[in-house]
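J.: What follows is the file query_25.cif, containing mmCIF, N, CA, C and O atoms:
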```
data_protein
loop_
_atom_site.label_atom_id
_atom_site.label_comp_id
_atom_site.auth_asym_id
_atom_site.auth_seq_id
_atom_site.Cartn_x
_atom_site.Cartn_y
_atom_site.Cartn_z
N MET A 1 141.42 65.02 86.92
CA MET A 1 140.78 66.31 87.06
C MET A 1 139.37 66.22 86.49
O MET A 1 139.15 65.70 85.42
N THR A 2 138.39 66.73 87.24
CA THR A 2 137.01 66.72 86.77
C THR A 2 136.61 68.12 86.34
O THR A 2 137.08 69.11 86.86
N THR A 3 135.73 68.15 85.39
CA THR A 3 135.22 69.43 84.88
C THR A 3 133.76 69.55 85.26
O THR A 3 132.98 68.61 85.06
N ALA A 4 133.39 70.68 85.82
CA ALA A 4 131.98 70.91 86.18
C ALA A 4 131.16 71.08 84.91
O ALA A 4 131.56 71.78 83.99
N VAL A 5 130.04 70.40 84.88
CA VAL A 5 129.15 70.50 83.74
C VAL A 5 127.97 71.39 84.13
O VAL A 5 127.33 71.17 85.15
N SER A 6 127.72 72.39 83.35
CA SER A 6 126.61 73.30 83.62
C SER A 6 125.38 72.82 82.86
O SER A 6 125.41 72.71 81.64
N THR A 7 124.33 72.52 83.61
CA THR A 7 123.09 72.15 82.94
C THR A 7 122.22 73.39 82.82
O THR A 7 122.34 74.33 83.60
N LYS A 8 121.37 73.39 81.84
CA LYS A 8 120.50 74.55 81.62
C LYS A 8 119.06 74.08 81.58
O LYS A 8 118.74 73.05 81.00
N ASP A 9 118.20 74.87 82.19
CA ASP A 9 116.77 74.62 82.15
C ASP A 9 116.13 75.59 81.16
O ASP A 9 116.66 76.67 80.91
N GLN A 10 115.00 75.20 80.67
CA GLN A 10 114.25 76.06 79.77
C GLN A 10 113.13 76.72 80.56
O GLN A 10 112.47 76.08 81.38
N VAL A 11 112.93 78.01 80.34
CA VAL A 11 111.85 78.75 80.97
C VAL A 11 110.95 79.26 79.85
O VAL A 11 111.42 79.89 78.91
N ILE A 12 109.68 78.98 79.97
CA ILE A 12 108.73 79.44 78.96
C ILE A 12 107.85 80.50 79.61
O ILE A 12 107.24 80.27 80.65
N VAL A 13 107.83 81.67 79.00
CA VAL A 13 107.08 82.80 79.55
C VAL A 13 106.20 83.37 78.45
O VAL A 13 106.66 83.62 77.33
N ARG A 14 104.95 83.58 78.74
CA ARG A 14 104.05 84.23 77.78
C ARG A 14 104.10 85.73 78.02
O ARG A 14 103.90 86.20 79.13
N VAL A 15 104.39 86.46 76.96
CA VAL A 15 104.57 87.91 77.04
C VAL A 15 103.76 88.55 75.93
O VAL A 15 103.75 88.05 74.80
N PRO A 16 103.09 89.65 76.21
CA PRO A 16 102.39 90.35 75.13
C PRO A 16 103.35 90.67 73.98
O PRO A 16 104.52 91.04 74.21
N HIS A 17 102.86 90.50 72.77
CA HIS A 17 103.70 90.65 71.56
C HIS A 17 104.44 91.98 71.52
O HIS A 17 105.64 92.01 71.23
N ASP A 18 103.76 93.08 71.82
CA ASP A 18 104.41 94.39 71.73
C ASP A 18 105.55 94.53 72.74
O ASP A 18 106.59 95.12 72.43
N ILE A 19 105.38 93.95 73.91
CA ILE A 19 106.45 94.02 74.92
C ILE A 19 107.65 93.22 74.46
O ILE A 19 108.80 93.66 74.57
N LYS A 20 107.40 92.02 73.92
CA LYS A 20 108.49 91.19 73.42
C LYS A 20 109.24 91.90 72.31
O LYS A 20 110.49 91.94 72.30
N LYS A 21 108.53 92.49 71.37
CA LYS A 21 109.17 93.19 70.25
C LYS A 21 110.03 94.35 70.73
O LYS A 21 111.15 94.55 70.27
N ARG A 22 109.50 95.15 71.66
CA ARG A 22 110.27 96.29 72.19
C ARG A 22 111.52 95.81 72.91
O ARG A 22 112.60 96.40 72.77
N ALA A 23 111.39 94.72 73.66
CA ALA A 23 112.55 94.18 74.38
C ALA A 23 113.59 93.64 73.40
O ALA A 23 114.79 93.86 73.58
N GLU A 24 113.13 92.95 72.36
CA GLU A 24 114.06 92.45 71.34
C GLU A 24 114.83 93.59 70.69
O GLU A 24 116.05 93.51 70.52
N GLU A 25 114.12 94.65 70.34
CA GLU A 25 114.76 95.81 69.71
C GLU A 25 115.78 96.46 70.64
O GLU A 25 116.88 96.80 70.23
N ALA A 26 115.41 96.62 71.91
CA ALA A 26 116.31 97.24 72.88
C ALA A 26 117.56 96.38 73.07
O ALA A 26 118.68 96.90 73.09
N CYS A 27 117.38 95.07 73.19
CA CYS A 27 118.53 94.18 73.36
C CYS A 27 119.42 94.22 72.13
O CYS A 27 120.66 94.25 72.24
N LYS A 28 118.81 94.24 70.95
CA LYS A 28 119.59 94.30 69.71
C LYS A 28 120.43 95.58 69.67
O LYS A 28 121.60 95.55 69.32
N GLU A 29 119.82 96.70 70.08
CA GLU A 29 120.55 97.98 70.10
C GLU A 29 121.72 97.93 71.07
O GLU A 29 122.74 98.60 70.86
N MET A 30 121.58 97.14 72.14
CA MET A 30 122.67 97.01 73.12
C MET A 30 123.67 95.93 72.73
O MET A 30 124.66 95.72 73.42
N GLY A 31 123.38 95.22 71.61
CA GLY A 31 124.27 94.14 71.19
C GLY A 31 124.22 92.94 72.11
O GLY A 31 125.21 92.23 72.30
N LEU A 32 123.05 92.69 72.67
CA LEU A 32 122.87 91.66 73.68
C LEU A 32 121.72 90.75 73.30
O LEU A 32 120.61 91.23 73.04
N PRO A 33 121.96 89.44 73.24
CA PRO A 33 120.82 88.54 72.98
C PRO A 33 119.81 88.66 74.12
O PRO A 33 120.19 88.82 75.29
N MET A 34 118.54 88.60 73.79
CA MET A 34 117.51 88.73 74.82
C MET A 34 117.66 87.62 75.86
O MET A 34 117.45 87.86 77.06
N SER A 35 118.07 86.44 75.46
CA SER A 35 118.24 85.36 76.44
C SER A 35 119.31 85.73 77.46
O SER A 35 119.17 85.42 78.65
N SER A 36 120.37 86.41 77.04
CA SER A 36 121.41 86.83 77.99
C SER A 36 120.88 87.89 78.95
O SER A 36 121.22 87.88 80.14
N ALA A 37 120.02 88.79 78.46
CA ALA A 37 119.42 89.80 79.33
C ALA A 37 118.53 89.12 80.37
O ALA A 37 118.55 89.49 81.55
N LEU A 38 117.77 88.13 79.95
CA LEU A 38 116.88 87.42 80.89
C LEU A 38 117.68 86.61 81.90
O LEU A 38 117.34 86.59 83.09
N VAL A 39 118.75 85.96 81.47
CA VAL A 39 119.61 85.23 82.40
C VAL A 39 120.21 86.20 83.41
O VAL A 39 120.26 85.92 84.62
N GLY A 40 120.65 87.37 82.95
CA GLY A 40 121.19 88.38 83.85
C GLY A 40 120.16 88.83 84.87
O GLY A 40 120.46 88.98 86.06
N PHE A 41 118.93 89.04 84.42
CA PHE A 41 117.85 89.42 85.33
C PHE A 41 117.62 88.34 86.38
O PHE A 41 117.55 88.61 87.58
N LEU A 42 117.51 87.08 85.94
CA LEU A 42 117.26 85.98 86.86
C LEU A 42 118.43 85.79 87.83
O LEU A 42 118.24 85.49 89.01
N ARG A 43 119.66 85.96 87.34
CA ARG A 43 120.83 85.86 88.21
C ARG A 43 120.75 86.94 89.31
O ARG A 43 120.98 86.67 90.48
N PHE A 44 120.41 88.16 88.93
CA PHE A 44 120.29 89.25 89.89
C PHE A 44 119.24 88.92 90.95
O PHE A 44 119.48 89.06 92.14
N VAL A 45 118.06 88.48 90.51
CA VAL A 45 116.98 88.14 91.45
C VAL A 45 117.43 87.03 92.39
O VAL A 45 117.22 87.09 93.60
N GLY A 46 118.08 86.00 91.85
CA GLY A 46 118.55 84.90 92.68
C GLY A 46 119.62 85.32 93.67
O GLY A 46 119.61 84.88 94.83
N ASP A 47 120.54 86.16 93.25
CA ASP A 47 121.63 86.59 94.13
C ASP A 47 121.18 87.62 95.15
O ASP A 47 121.54 87.56 96.32
N GLU A 48 120.41 88.59 94.71
CA GLU A 48 120.04 89.73 95.56
C GLU A 48 118.72 89.55 96.30
O GLU A 48 118.39 90.32 97.18
N LYS A 49 117.93 88.56 95.88
CA LYS A 49 116.61 88.31 96.48
C LYS A 49 115.69 89.53 96.37
O LYS A 49 114.95 89.86 97.28
N ARG A 50 115.81 90.23 95.26
CA ARG A 50 114.95 91.39 95.00
C ARG A 50 114.91 91.63 93.51
O ARG A 50 115.73 91.13 92.76
N ILE A 51 113.93 92.40 93.08
CA ILE A 51 113.79 92.77 91.67
C ILE A 51 114.48 94.11 91.49
O ILE A 51 114.33 95.00 92.33
N PRO A 52 115.25 94.28 90.41
CA PRO A 52 116.08 95.49 90.27
C PRO A 52 115.33 96.74 89.83
O PRO A 52 115.94 97.67 89.30
N PHE A 53 114.05 96.78 90.04
CA PHE A 53 113.27 97.97 89.72
C PHE A 53 112.00 97.94 90.54
O PHE A 53 111.67 96.93 91.14
N GLU A 54 111.30 99.05 90.57
CA GLU A 54 110.09 99.17 91.37
C GLU A 54 108.86 98.92 90.50
O GLU A 54 108.78 99.40 89.37
N PHE A 55 107.94 98.14 91.02
CA PHE A 55 106.66 97.98 90.36
C PHE A 55 105.75 99.09 90.85
O PHE A 55 105.67 99.34 92.05
N ALA A 56 105.08 99.76 89.97
CA ALA A 56 104.15 100.81 90.37
C ALA A 56 102.97 100.81 89.41
O ALA A 56 103.13 100.62 88.21
N ALA A 57 101.81 101.02 89.97
CA ALA A 57 100.61 101.08 89.15
C ALA A 57 100.58 102.42 88.41
O ALA A 57 101.12 103.41 88.89
N PRO A 58 99.95 102.45 87.25
CA PRO A 58 99.79 103.72 86.55
C PRO A 58 99.05 104.73 87.43
O PRO A 58 98.28 104.34 88.31
N ALA A 59 99.29 105.99 87.20
CA ALA A 59 98.71 107.05 88.05
C ALA A 59 97.20 106.91 88.17
O ALA A 59 96.65 107.06 89.25
N GLU A 60 96.52 106.61 87.06
CA GLU A 60 95.06 106.53 87.14
C GLU A 60 94.62 105.39 88.05
O GLU A 60 93.62 105.48 88.75
N THR A 61 95.39 104.30 88.09
CA THR A 61 95.08 103.19 88.98
C THR A 61 95.33 103.59 90.42
O THR A 61 94.54 103.28 91.31
N ARG A 62 96.42 104.30 90.67
CA ARG A 62 96.72 104.76 92.03
C ARG A 62 95.63 105.72 92.50
O ARG A 62 95.17 105.63 93.64
N ASP A 63 95.21 106.64 91.63
CA ASP A 63 94.15 107.58 92.01
C ASP A 63 92.88 106.84 92.39
O ASP A 63 92.23 107.16 93.38
N GLU A 64 92.52 105.84 91.60
CA GLU A 64 91.33 105.03 91.89
C GLU A 64 91.50 104.31 93.22
O GLU A 64 90.58 104.24 94.03
N TYR A 65 92.68 103.78 93.46
CA TYR A 65 92.96 103.07 94.71
C TYR A 65 92.79 104.00 95.91
O TYR A 65 92.15 103.66 96.89
N PHE A 66 93.36 105.20 95.83
CA PHE A 66 93.26 106.12 96.94
C PHE A 66 91.82 106.62 97.13
O PHE A 66 91.38 106.83 98.26
N ARG A 67 91.07 106.79 96.04
CA ARG A 67 89.65 107.13 96.17
C ARG A 67 88.92 106.03 96.93
O ARG A 67 88.11 106.28 97.82
N SER A 68 89.26 104.78 96.61
CA SER A 68 88.65 103.64 97.28
C SER A 68 89.01 103.62 98.76
O SER A 68 88.15 103.35 99.62
N LEU A 69 90.27 103.91 99.08
CA LEU A 69 90.67 103.96 100.49
C LEU A 69 89.92 105.04 101.25
O LEU A 69 89.47 104.83 102.39
N ARG A 70 89.77 106.21 100.63
CA ARG A 70 89.04 107.30 101.29
C ARG A 70 87.59 106.91 101.53
O ARG A 70 87.02 107.17 102.58
N GLN A 71 86.99 106.22 100.55
CA GLN A 71 85.60 105.78 100.70
C GLN A 71 85.50 104.73 101.81
O GLN A 71 84.59 104.79 102.64
N ASP A 72 86.44 103.80 101.84
CA ASP A 72 86.44 102.78 102.90
C ASP A 72 86.58 103.44 104.27
O ASP A 72 85.92 103.04 105.23
N SER A 73 87.43 104.45 104.37
CA SER A 73 87.62 105.15 105.63
C SER A 73 86.32 105.83 106.07
O SER A 73 85.92 105.74 107.23
N ALA A 74 85.66 106.47 105.12
CA ALA A 74 84.39 107.13 105.43
C ALA A 74 83.35 106.10 105.84
O ALA A 74 82.60 106.31 106.81
N ASP A 75 83.29 104.98 105.14
CA ASP A 75 82.34 103.92 105.48
C ASP A 75 82.63 103.35 106.86
O ASP A 75 81.71 103.05 107.63
N TYR A 76 83.91 103.19 107.20
CA TYR A 76 84.28 102.68 108.52
C TYR A 76 83.80 103.63 109.61
O TYR A 76 83.18 103.22 110.59
N ARG A 77 84.08 104.92 109.41
CA ARG A 77 83.67 105.90 110.42
C ARG A 77 82.15 105.95 110.57
O ARG A 77 81.63 106.21 111.64
N ALA A 78 81.43 105.65 109.50
CA ALA A 78 79.97 105.66 109.54
C ALA A 78 79.40 104.33 110.04
O ALA A 78 78.19 104.15 110.10
N GLY A 79 80.31 103.38 110.38
CA GLY A 79 79.85 102.09 110.90
C GLY A 79 79.34 101.15 109.82
O GLY A 79 78.63 100.20 110.12
N LYS A 80 79.70 101.41 108.57
CA LYS A 80 79.21 100.58 107.46
C LYS A 80 80.13 99.42 107.12
O LYS A 80 79.77 98.58 106.30
N LEU A 81 81.34 99.38 107.69
CA LEU A 81 82.28 98.31 107.39
C LEU A 81 82.48 97.41 108.60
O LEU A 81 82.61 97.89 109.73
N GLU A 82 82.52 96.11 108.34
CA GLU A 82 82.82 95.16 109.39
C GLU A 82 84.33 95.20 109.64
O GLU A 82 85.12 95.34 108.71
N THR A 83 84.72 95.11 110.89
CA THR A 83 86.14 95.16 111.20
C THR A 83 86.64 93.77 111.61
O THR A 83 85.85 92.91 112.02
N VAL A 84 87.94 93.56 111.46
CA VAL A 84 88.57 92.32 111.89
C VAL A 84 89.79 92.69 112.73
O VAL A 84 90.36 93.77 112.58
N SER A 85 90.18 91.76 113.59
CA SER A 85 91.36 92.01 114.43
C SER A 85 92.63 91.74 113.63
O SER A 85 92.60 91.09 112.58
N LEU A 86 93.74 92.22 114.14
CA LEU A 86 95.03 91.98 113.51
C LEU A 86 95.32 90.49 113.46
O LEU A 86 95.80 89.98 112.45
N ASP A 87 94.98 89.76 114.54
CA ASP A 87 95.20 88.31 114.56
C ASP A 87 94.37 87.61 113.49
O ASP A 87 94.84 86.67 112.84
N GLU A 88 93.12 88.05 113.29
CA GLU A 88 92.28 87.47 112.24
C GLU A 88 92.88 87.74 110.86
O GLU A 88 92.88 86.87 109.99
N MET A 89 93.40 88.92 110.68
CA MET A 89 94.00 89.29 109.40
C MET A 89 95.27 88.45 109.13
O MET A 89 95.47 87.95 108.03
N LYS A 90 96.11 88.30 110.17
CA LYS A 90 97.31 87.49 110.03
C LYS A 90 96.96 86.06 109.67
O LYS A 90 97.60 85.45 108.82
N ALA A 91 95.95 85.51 110.34
CA ALA A 91 95.53 84.13 110.07
C ALA A 91 95.01 84.01 108.63
O ALA A 91 95.32 83.05 107.92
N PHE A 92 94.24 84.99 108.19
CA PHE A 92 93.68 84.96 106.84
C PHE A 92 94.78 84.95 105.78
O PHE A 92 94.71 84.23 104.80
N TYR A 93 95.83 85.78 105.99
CA TYR A 93 96.91 85.89 105.02
C TYR A 93 98.08 84.95 105.31
O TYR A 93 99.09 84.97 104.63
N GLY A 94 97.94 84.09 106.35
CA GLY A 94 99.00 83.13 106.67
C GLY A 94 100.28 83.80 107.16
O GLY A 94 101.37 83.33 106.86
N MET A 95 100.13 84.89 107.89
CA MET A 95 101.30 85.64 108.37
C MET A 95 101.60 85.26 109.82
O MET A 95 100.72 84.90 110.58
N GLU A 96 102.87 85.37 110.18
CA GLU A 96 103.30 85.13 111.54
C GLU A 96 103.94 86.38 112.09
O GLU A 96 104.32 87.26 111.34
N ASP A 97 104.09 86.43 113.41
CA ASP A 97 104.78 87.58 114.03
C ASP A 97 106.23 87.61 113.66
O ASP A 97 106.88 86.71 113.36
#
```
Show this structure as structure tokens.
T.:
Amino acid sequence: MTTAVSTKDQVIVRVPHDIKKRAEEACKEMGLPMSSALVGFLRFVGDEKRIPFEFAAPAETRDEYFRSLRQDSADYRAGKLETVSLDEMKAFYGMED
């Protein structure tokens, strides 16, 4: 009879100190080592092929983004922006149909 051996890799991630401290405290309150929480996160991403939460910019960043879009739209209508075709855009970003 053979026994499967599980190998483990090390992942090194640089995280802002305050974020790490808050995460450590939260994991401690849950009675969970932070490494177990990270393994659980990575297992979820690997199994589900998605992140279990939504990334969103802070409201002030979104407001700035939408202001920029409105300005671009106005500039386009005024003929101030160069346009590209969808095929050119796909080629630029390496996208396929």
J.: Check the DSSP output for the backbone and give back, as a ChimeraX atom specification, the residues of chain A in helix (DSSP H, G or I).
T.: /A:17-30,34-48,59-77,86-93
J.: Kindly give the distance, in Å, that separates CA of Leu38 in chain A and atom O of Asp9 in chain A, rounded to a single decimal.
T.: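 Going from CA of Leu38 in chain A over to atom O of Asp9 in chain A, I get 10.8 Å.
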J.: Atom N of Val5 in chain A and atom O of Cys27 in chain A, how far apart in Å?
T.: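 It comes out at 28.6 Å.
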J.: Tell me, in Å to one decimal, how far CA of Val13 in chain A is from CA of Gly94 in chain A.
T.: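 Taking CA of Val13 in chain A and CA of Gly94 in chain A, their separation equals 28.3 Å.
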J.: Looking at A:Glu96, A:Ser35, A:Phe41, A:Val15, which one is nearest to Phe53 in chain A, with distances taken over only C-alpha atoms?
T.: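 Once distances to Phe53 in chain A are computed over only C-alpha atoms, the minimum belongs to A:Phe41.
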